[in-house]
$ cat entry.cif   # mmCIF, C-alpha atoms
data_final
loop_
_atom_site.label_atom_id
_atom_site.label_comp_id
_atom_site.auth_asym_id
_atom_site.auth_seq_id
_atom_site.Cartn_x
_atom_site.Cartn_y
_atom_site.Cartn_z
CA ALA D 1 0.00 0.00 0.00
CA ASP D 2 1.13 3.53 -0.69
CA GLU D 3 -0.50 6.95 -0.43
CA LYS D 4 -2.08 6.64 -3.89
CA THR D 5 -3.51 3.11 -3.49
CA VAL D 6 -5.08 3.84 -0.10
CA ARG D 7 -6.58 7.22 -1.07
CA PRO D 8 -10.09 5.81 -1.89
CA PHE D 9 -10.23 4.08 1.51
CA GLY D 10 -8.32 6.26 3.96
CA THR D 11 -4.97 7.77 4.88
CA LEU D 12 -1.64 5.95 5.17
CA ILE D 13 0.44 7.17 8.08
CA THR D 14 4.16 6.44 8.00
CA THR D 15 7.21 7.89 9.72
CA ASP D 16 6.73 11.16 7.84
CA VAL D 17 4.96 13.80 9.91
CA VAL D 18 1.56 14.74 8.49
CA GLN D 19 0.90 18.46 8.04
CA ALA D 20 3.79 19.78 10.09
CA MET D 21 2.84 22.80 12.18
CA ASP D 22 4.61 25.31 14.35
CA ILE D 23 4.26 24.62 18.07
CA PRO D 24 7.06 26.52 19.81
CA PHE D 25 7.87 24.36 22.86
CA TYR D 26 10.49 21.92 21.48
CA PRO D 27 12.35 23.67 18.65
CA GLY D 28 14.98 21.56 16.94
CA ARG D 29 13.84 18.46 18.84
CA VAL D 30 10.23 17.78 17.76
CA ILE D 31 8.51 18.19 14.40
CA GLU D 32 4.87 18.62 15.39
CA GLY D 33 2.25 17.08 13.10
CA GLY D 34 -1.26 18.25 12.42
CA ASP D 35 -4.67 16.63 12.74
CA ILE D 36 -4.82 13.39 10.74
CA GLY D 37 -8.63 13.35 10.76
CA PHE D 38 -9.51 10.83 13.48
CA ARG D 39 -13.21 11.27 14.28
CA TYR D 40 -15.63 9.38 16.50
CA ARG D 41 -18.96 9.78 18.29
CA GLY D 42 -19.19 9.49 22.06
CA ARG D 43 -16.15 8.22 23.95
CA ALA D 44 -12.88 7.13 22.34
CA ALA D 45 -11.66 3.58 22.92
CA LEU D 46 -8.02 2.64 22.34
CA ARG D 47 -7.36 -1.08 22.35
CA THR D 48 -4.89 -3.63 21.08
CA ALA D 49 -5.36 -6.89 19.22
CA GLN D 50 -2.91 -9.57 18.18
CA ILE D 51 -3.65 -11.06 14.77
CA LEU D 52 -2.38 -14.55 14.07
CA PRO D 53 -1.38 -15.71 10.59
CA ASP D 54 -3.76 -18.08 8.81
CA PRO D 55 -2.73 -19.12 5.27
CA GLU D 56 -6.31 -20.24 4.57
CA VAL D 57 -7.94 -16.99 5.76
CA GLU D 58 -11.25 -16.10 4.17
CA VAL D 59 -12.91 -12.72 4.42
CA ARG D 60 -16.47 -13.48 5.44
CA TRP D 61 -17.56 -10.05 6.73
CA LEU D 62 -17.26 -6.42 5.73
CA GLU D 63 -18.32 -3.58 7.97
CA ARG D 64 -18.46 0.18 7.95
CA HIS D 65 -18.77 3.04 10.40
CA LEU D 66 -20.37 6.37 9.56
CA HIS D 67 -19.22 8.26 12.67
CA LEU D 68 -15.77 6.73 13.18
CA THR D 69 -12.57 7.08 11.18
CA GLN D 70 -11.10 3.91 12.65
CA LEU D 71 -7.31 3.85 13.01
CA PHE D 72 -5.15 0.70 12.82
CA VAL D 73 -1.51 1.03 13.91
CA THR D 74 0.65 -2.02 13.23
CA LEU D 75 3.43 -2.81 15.65
CA GLY D 76 6.31 -4.83 14.25
CA ALA D 77 4.90 -6.63 11.22
CA PRO D 78 3.04 -5.88 7.98
CA PHE D 79 -0.66 -6.63 7.55
CA VAL D 80 -3.27 -6.87 4.79
CA MET D 81 -6.72 -5.31 4.76
CA VAL D 82 -9.60 -5.98 2.39
CA LEU D 83 -11.36 -2.70 1.64
CA THR D 84 -14.09 -1.25 -0.54
CA PRO D 85 -14.64 2.49 -0.90
CA PRO D 86 -17.36 4.32 1.00
CA ASN D 87 -20.70 4.33 -0.81
CA HIS D 88 -23.07 5.60 1.89
CA GLU D 89 -23.49 8.95 0.15
CA ASN D 90 -25.35 6.99 -2.56
CA ASP D 91 -27.56 5.42 0.15
CA ALA D 92 -25.92 2.03 -0.45
CA LYS D 93 -26.40 -0.52 2.33
CA LEU D 94 -23.97 -3.09 0.89
CA PRO D 95 -20.32 -2.92 -0.20
CA ASP D 96 -19.42 -2.80 -3.89
CA LEU D 97 -17.44 -6.03 -4.21
CA ASP D 98 -16.29 -5.09 -7.72
CA ALA D 99 -14.29 -2.29 -6.04
CA ALA D 100 -12.81 -4.55 -3.32
CA ARG D 101 -9.03 -4.40 -2.92
CA ALA D 102 -6.62 -6.25 -0.65
CA LEU D 103 -3.83 -3.85 0.31
CA ARG D 104 -0.60 -4.73 2.11
CA PHE D 105 0.48 -2.20 4.74
CA PRO D 106 4.12 -2.01 5.82
CA ALA D 107 5.29 -2.86 9.33
CA ASN D 108 5.22 0.04 11.77
CA SER D 109 2.69 2.07 9.80
CA ALA D 110 -0.88 3.14 10.45
CA PHE D 111 -4.03 3.35 8.39
CA LEU D 112 -6.90 5.75 9.09
CA LEU D 113 -10.16 4.70 7.39
CA HIS D 114 -12.40 7.27 5.75
CA LEU D 115 -15.92 7.44 7.16
CA GLY D 116 -17.93 4.64 5.55
CA THR D 117 -15.02 2.57 4.17
CA TRP D 118 -16.05 -1.09 4.10
CA HIS D 119 -13.37 -3.26 5.73
CA ASP D 120 -12.60 -6.53 7.38
CA PHE D 121 -10.25 -6.91 10.32
CA PRO D 122 -6.54 -6.72 9.41
CA ILE D 123 -4.92 -9.99 8.33
CA ALA D 124 -1.48 -11.14 9.52
CA LEU D 125 0.92 -12.42 6.90
CA ASP D 126 3.70 -14.78 8.03
CA ARG D 127 3.94 -13.89 11.72
CA PRO D 128 1.69 -12.49 14.43
CA VAL D 129 1.08 -8.75 14.30
CA THR D 130 -0.11 -6.59 17.16
CA THR D 131 -2.25 -3.60 16.29
CA LEU D 132 -3.28 -0.57 18.27
CA ILE D 133 -6.84 0.29 17.26
CA ALA D 134 -8.43 3.71 17.79
CA ASN D 135 -12.14 3.13 18.00
CA SER D 136 -15.24 4.53 19.60
CA ALA D 137 -16.66 2.88 22.70
CA GLU D 138 -19.94 2.63 20.77
CA VAL D 139 -18.36 0.41 18.09
CA VAL D 140 -16.47 -1.78 20.58
CA GLU D 141 -19.64 -2.33 22.63
CA ALA D 142 -21.74 -3.21 19.58
CA LEU D 143 -19.19 -5.80 18.45
CA ARG D 144 -18.54 -7.15 21.95
CA THR D 145 -22.22 -7.71 22.76
CA ALA D 146 -23.18 -9.33 19.43
CA GLU D 147 -24.71 -12.73 20.12
CA GLY D 148 -22.30 -14.77 18.02
CA PRO D 149 -21.01 -14.07 14.52
CA ARG D 150 -23.92 -12.55 12.63
CA GLU D 151 -24.87 -9.54 10.58
CA LEU D 152 -25.03 -6.45 12.72
CA ASP D 153 -26.66 -3.05 12.44
CA SER D 154 -26.09 -1.62 15.87
CA GLY D 155 -24.54 1.57 17.16
CA ASP D 156 -22.12 2.73 14.49
CA VAL D 157 -21.57 -0.74 13.02
CA LEU D 158 -23.11 -2.08 9.83
CA LYS D 159 -21.58 -5.54 9.37
CA VAL D 160 -22.67 -7.76 6.49
CA SER D 161 -22.08 -11.42 5.70
CA LEU D 162 -20.54 -11.85 2.25
CA SER D 163 -21.82 -15.42 1.95
CA ASP D 164 -25.39 -14.50 2.91
CA ARG D 165 -25.59 -11.32 0.84
CA PHE D 166 -23.44 -12.25 -2.18
CA GLY D 167 -22.88 -16.02 -1.97
CA VAL D 168 -19.10 -15.53 -1.75
CA THR D 169 -16.15 -15.22 0.60
CA LEU D 170 -12.98 -13.41 -0.43
CA ARG D 171 -9.51 -14.99 -0.29
CA PRO D 172 -6.86 -12.30 -0.49
CA LEU D 173 -3.47 -13.21 -1.91
CA LEU D 174 -1.06 -12.99 1.00
CA ARG D 175 2.44 -12.15 -0.22
#

$ encode --input "entry.cif" --output "structure tokens"
Amino acid sequence: ADEKTVRPFGTLITTDVVQAMDIPFYPGRVIEGGDIGFRYRGRAALRTAQILPDPEVEVRWLERHLHLTQLFVTLGAPFVMVLTPPNHENDAKLPDLDAARALRFPANSAFLLHLGTWHDFPIALDRPVTTLIANSAEVVEALRTAEGPRELDSGDVLKVSLSDRFGVTLRPLLR
């Protein structure tokens, strides 16, 4: 993934400071960056998750959030995400699978989703990857209290089953 390939889905954050600004407290020692666009409704929730590699992984779900620009920060290893662009402004209730892309994000980078980007959970490649996830408490609670794996339209989560809605699962190429 690079800045151009992620543009329809969100913002890639690397070691370069985004929108450097002048804050005068640490001259010559800190390059201060600007607002990257993280948005949420209610209370923020920062959490971690460790993703284990699975060479047979299938993407069975895609979800979106209309009030959260979810942030995934990878610690130590690259990851893959399956994404489709936001389509809520066209009143769409399902992802456009023809626009689905599997993007590989480099180790020690971050990815900030645009509002409404359809996504699955990050996928580990050849070794476990820990991620720091910036969420809203509303999203975490909706996912945590779901009664088993099922479609969900609760809080700021619209989660759809690809097999139920489209008769498919997606198998990203993991390189």

$ residues_around --input "entry.cif" --residues "range 15-21 of chain D" --least-positions-apart "2" --cutoff "6 Å" --atoms "all atoms listed in the file" --output "list of chain:residue names"
D:Glu32, D:Gly33, D:Gly34

$ resolve_selection --input "entry.cif" --expression "the PyMOL selection byres ((chain D and resi 43) around 6)" --output "PyMOL selection string"
chain D and resi 42+44+136-137

$ residues_around --input "entry.cif" --residues "Asp156 in chain D" --least-positions-apart "3" --cutoff "12 Å" --atoms "only C-alpha atoms" --output "JSON, numbers by chain"
{"D": [40, 41, 42, 63, 64, 65, 66, 67, 68, 69, 70, 115, 116, 135, 136, 137, 138, 139, 140, 141, 142, 143, 152, 153, 159]}

$ write_last_selection --input "entry.cif" --atoms "C-alpha atoms" --output "PDB file, in the coordinates of the input"
ATOM      1  CA  TYR D  40     -15.630   9.380  16.500  1.00  0.00           C
ATOM      2  CA  ARG D  41     -18.960   9.780  18.290  1.00  0.00           C
ATOM      3  CA  GLY D  42     -19.190   9.490  22.060  1.00  0.00           C
ATOM      4  CA  GLU D  63     -18.320  -3.580   7.970  1.00  0.00           C
ATOM      5  CA  ARG D  64     -18.460   0.180   7.950  1.00  0.00           C
ATOM      6  CA  HIS D  65     -18.770   3.040  10.400  1.00  0.00           C
ATOM      7  CA  LEU D  66     -20.370   6.370   9.560  1.00  0.00           C
ATOM      8  CA  HIS D  67     -19.220   8.260  12.670  1.00  0.00           C
ATOM      9  CA  LEU D  68     -15.770   6.730  13.180  1.00  0.00           C
ATOM     10  CA  THR D  69     -12.570   7.080  11.180  1.00  0.00           C
ATOM     11  CA  GLN D  70     -11.100   3.910  12.650  1.00  0.00           C
ATOM     12  CA  LEU D 115     -15.920   7.440   7.160  1.00  0.00           C
ATOM     13  CA  GLY D 116     -17.930   4.640   5.550  1.00  0.00           C
ATOM     14  CA  ASN D 135     -12.140   3.130  18.000  1.00  0.00           C
ATOM     15  CA  SER D 136     -15.240   4.530  19.600  1.00  0.00           C
ATOM     16  CA  ALA D 137     -16.660   2.880  22.700  1.00  0.00           C
ATOM     17  CA  GLU D 138     -19.940   2.630  20.770  1.00  0.00           C
ATOM     18  CA  VAL D 139     -18.360   0.410  18.090  1.00  0.00           C
ATOM     19  CA  VAL D 140     -16.470  -1.780  20.580  1.00  0.00           C
ATOM     20  CA  GLU D 141     -19.640  -2.330  22.630  1.00  0.00           C
ATOM     21  CA  ALA D 142     -21.740  -3.210  19.580  1.00  0.00           C
ATOM     22  CA  LEU D 143     -19.190  -5.800  18.450  1.00  0.00           C
ATOM     23  CA  LEU D 152     -25.030  -6.450  12.720  1.00  0.00           C
ATOM     24  CA  ASP D 153     -26.660  -3.050  12.440  1.00  0.00           C
ATOM     25  CA  LYS D 159     -21.580  -5.540   9.370  1.00  0.00           C
TER      26      LYS D 159
END

$ closest_residue --input "entry.cif" --among "D:Leu112, D:Leu170, D:Ala77, D:Ile23" --to "Val57 in chain D" --atoms "all atoms listed in the file"
D:Leu170

$ atom_distance --input "entry.cif" --atom1 "CA of Glu3 in chain D" --atom2 "CA of Ala45 in chain D"
26.1 Å

$ closest_residue --input "entry.cif" --among "D:Val73, D:Ile123, D:Met81, D:Leu174" --to "Leu52 in chain D" --atoms "all atoms listed in the file"
D:Ile123

$ build_atoms --input "entry.cif" --residues "range 51-72 of chain D" --atoms "N, CA, C and O atoms" --output "PDB file, in the frame of the given file"
ATOM      1  N   ILE D  51      -3.088 -10.330  15.906  1.00  0.00           N
ATOM      2  CA  ILE D  51      -3.650 -11.060  14.770  1.00  0.00           C
ATOM      3  C   ILE D  51      -2.683 -12.178  14.423  1.00  0.00           C
ATOM      4  O   ILE D  51      -1.493 -11.943  14.219  1.00  0.00           O
ATOM      5  N   LEU D  52      -3.200 -13.383  14.349  1.00  0.00           N
ATOM      6  CA  LEU D  52      -2.380 -14.550  14.070  1.00  0.00           C
ATOM      7  C   LEU D  52      -2.456 -14.911  12.596  1.00  0.00           C
ATOM      8  O   LEU D  52      -3.528 -14.808  11.984  1.00  0.00           O
ATOM      9  N   PRO D  53      -1.353 -15.346  12.013  1.00  0.00           N
ATOM     10  CA  PRO D  53      -1.380 -15.710  10.590  1.00  0.00           C
ATOM     11  C   PRO D  53      -2.237 -16.941  10.351  1.00  0.00           C
ATOM     12  O   PRO D  53      -2.282 -17.847  11.187  1.00  0.00           O
ATOM     13  N   ASP D  54      -2.931 -16.954   9.225  1.00  0.00           N
ATOM     14  CA  ASP D  54      -3.760 -18.080   8.810  1.00  0.00           C
ATOM     15  C   ASP D  54      -3.683 -18.146   7.285  1.00  0.00           C
ATOM     16  O   ASP D  54      -4.319 -17.341   6.608  1.00  0.00           O
ATOM     17  N   PRO D  55      -2.894 -19.078   6.721  1.00  0.00           N
ATOM     18  CA  PRO D  55      -2.730 -19.120   5.270  1.00  0.00           C
ATOM     19  C   PRO D  55      -4.023 -19.417   4.513  1.00  0.00           C
ATOM     20  O   PRO D  55      -4.121 -19.173   3.324  1.00  0.00           O
ATOM     21  N   GLU D  56      -5.029 -19.914   5.208  1.00  0.00           N
ATOM     22  CA  GLU D  56      -6.310 -20.240   4.570  1.00  0.00           C
ATOM     23  C   GLU D  56      -7.385 -19.189   4.876  1.00  0.00           C
ATOM     24  O   GLU D  56      -8.580 -19.457   4.699  1.00  0.00           O
ATOM     25  N   VAL D  57      -6.978 -18.013   5.315  1.00  0.00           N
ATOM     26  CA  VAL D  57      -7.940 -16.990   5.760  1.00  0.00           C
ATOM     27  C   VAL D  57      -8.939 -16.660   4.650  1.00  0.00           C
ATOM     28  O   VAL D  57      -8.578 -16.557   3.473  1.00  0.00           O
ATOM     29  N   GLU D  58     -10.182 -16.546   5.061  1.00  0.00           N
ATOM     30  CA  GLU D  58     -11.250 -16.100   4.170  1.00  0.00           C
ATOM     31  C   GLU D  58     -11.905 -14.875   4.787  1.00  0.00           C
ATOM     32  O   GLU D  58     -12.155 -14.847   5.995  1.00  0.00           O
ATOM     33  N   VAL D  59     -12.190 -13.907   3.968  1.00  0.00           N
ATOM     34  CA  VAL D  59     -12.910 -12.720   4.420  1.00  0.00           C
ATOM     35  C   VAL D  59     -14.393 -13.020   4.276  1.00  0.00           C
ATOM     36  O   VAL D  59     -14.892 -13.200   3.163  1.00  0.00           O
ATOM     37  N   ARG D  60     -15.051 -13.115   5.414  1.00  0.00           N
ATOM     38  CA  ARG D  60     -16.470 -13.480   5.440  1.00  0.00           C
ATOM     39  C   ARG D  60     -17.384 -12.287   5.739  1.00  0.00           C
ATOM     40  O   ARG D  60     -18.580 -12.351   5.522  1.00  0.00           O
ATOM     41  N   TRP D  61     -16.797 -11.210   6.274  1.00  0.00           N
ATOM     42  CA  TRP D  61     -17.560 -10.050   6.730  1.00  0.00           C
ATOM     43  C   TRP D  61     -16.929  -8.782   6.196  1.00  0.00           C
ATOM     44  O   TRP D  61     -15.720  -8.682   6.092  1.00  0.00           O
ATOM     45  N   LEU D  62     -17.734  -7.792   5.920  1.00  0.00           N
ATOM     46  CA  LEU D  62     -17.260  -6.420   5.730  1.00  0.00           C
ATOM     47  C   LEU D  62     -18.160  -5.536   6.580  1.00  0.00           C
ATOM     48  O   LEU D  62     -19.362  -5.794   6.713  1.00  0.00           O
ATOM     49  N   GLU D  63     -17.559  -4.506   7.141  1.00  0.00           N
ATOM     50  CA  GLU D  63     -18.320  -3.580   7.970  1.00  0.00           C
ATOM     51  C   GLU D  63     -17.907  -2.155   7.663  1.00  0.00           C
ATOM     52  O   GLU D  63     -16.859  -1.918   7.072  1.00  0.00           O
ATOM     53  N   ARG D  64     -18.778  -1.242   8.093  1.00  0.00           N
ATOM     54  CA  ARG D  64     -18.460   0.180   7.950  1.00  0.00           C
ATOM     55  C   ARG D  64     -18.963   0.938   9.164  1.00  0.00           C
ATOM     56  O   ARG D  64     -19.821   0.456   9.901  1.00  0.00           O
ATOM     57  N   HIS D  65     -18.393   2.137   9.317  1.00  0.00           N
ATOM     58  CA  HIS D  65     -18.770   3.040  10.400  1.00  0.00           C
ATOM     59  C   HIS D  65     -18.973   4.426   9.790  1.00  0.00           C
ATOM     60  O   HIS D  65     -18.122   4.898   9.031  1.00  0.00           O
ATOM     61  N   LEU D  66     -20.077   5.058  10.130  1.00  0.00           N
ATOM     62  CA  LEU D  66     -20.370   6.370   9.560  1.00  0.00           C
ATOM     63  C   LEU D  66     -20.016   7.530  10.486  1.00  0.00           C
ATOM     64  O   LEU D  66     -20.092   8.685  10.083  1.00  0.00           O
ATOM     65  N   HIS D  67     -19.607   7.215  11.714  1.00  0.00           N
ATOM     66  CA  HIS D  67     -19.220   8.260  12.670  1.00  0.00           C
ATOM     67  C   HIS D  67     -17.814   8.055  13.211  1.00  0.00           C
ATOM     68  O   HIS D  67     -17.402   8.769  14.120  1.00  0.00           O
ATOM     69  N   LEU D  68     -17.092   7.078  12.676  1.00  0.00           N
ATOM     70  CA  LEU D  68     -15.770   6.730  13.180  1.00  0.00           C
ATOM     71  C   LEU D  68     -14.795   6.596  12.019  1.00  0.00           C
ATOM     72  O   LEU D  68     -15.071   5.886  11.053  1.00  0.00           O
ATOM     73  N   THR D  69     -13.676   7.283  12.121  1.00  0.00           N
ATOM     74  CA  THR D  69     -12.570   7.080  11.180  1.00  0.00           C
ATOM     75  C   THR D  69     -11.564   6.176  11.885  1.00  0.00           C
ATOM     76  O   THR D  69     -10.563   6.630  12.421  1.00  0.00           O
ATOM     77  N   GLN D  70     -11.874   4.895  11.906  1.00  0.00           N
ATOM     78  CA  GLN D  70     -11.100   3.910  12.650  1.00  0.00           C
ATOM     79  C   GLN D  70      -9.625   3.931  12.245  1.00  0.00           C
ATOM     80  O   GLN D  70      -9.308   4.060  11.064  1.00  0.00           O
ATOM     81  N   LEU D  71      -8.747   3.796  13.236  1.00  0.00           N
ATOM     82  CA  LEU D  71      -7.310   3.850  13.010  1.00  0.00           C
ATOM     83  C   LEU D  71      -6.680   2.533  13.440  1.00  0.00           C
ATOM     84  O   LEU D  71      -6.902   2.068  14.562  1.00  0.00           O
ATOM     85  N   PHE D  72      -5.903   1.923  12.536  1.00  0.00           N
ATOM     86  CA  PHE D  72      -5.150   0.700  12.820  1.00  0.00           C
ATOM     87  C   PHE D  72      -3.672   1.034  12.754  1.00  0.00           C
ATOM     88  O   PHE D  72      -3.185   1.491  11.719  1.00  0.00           O
TER      89      PHE D  72
END
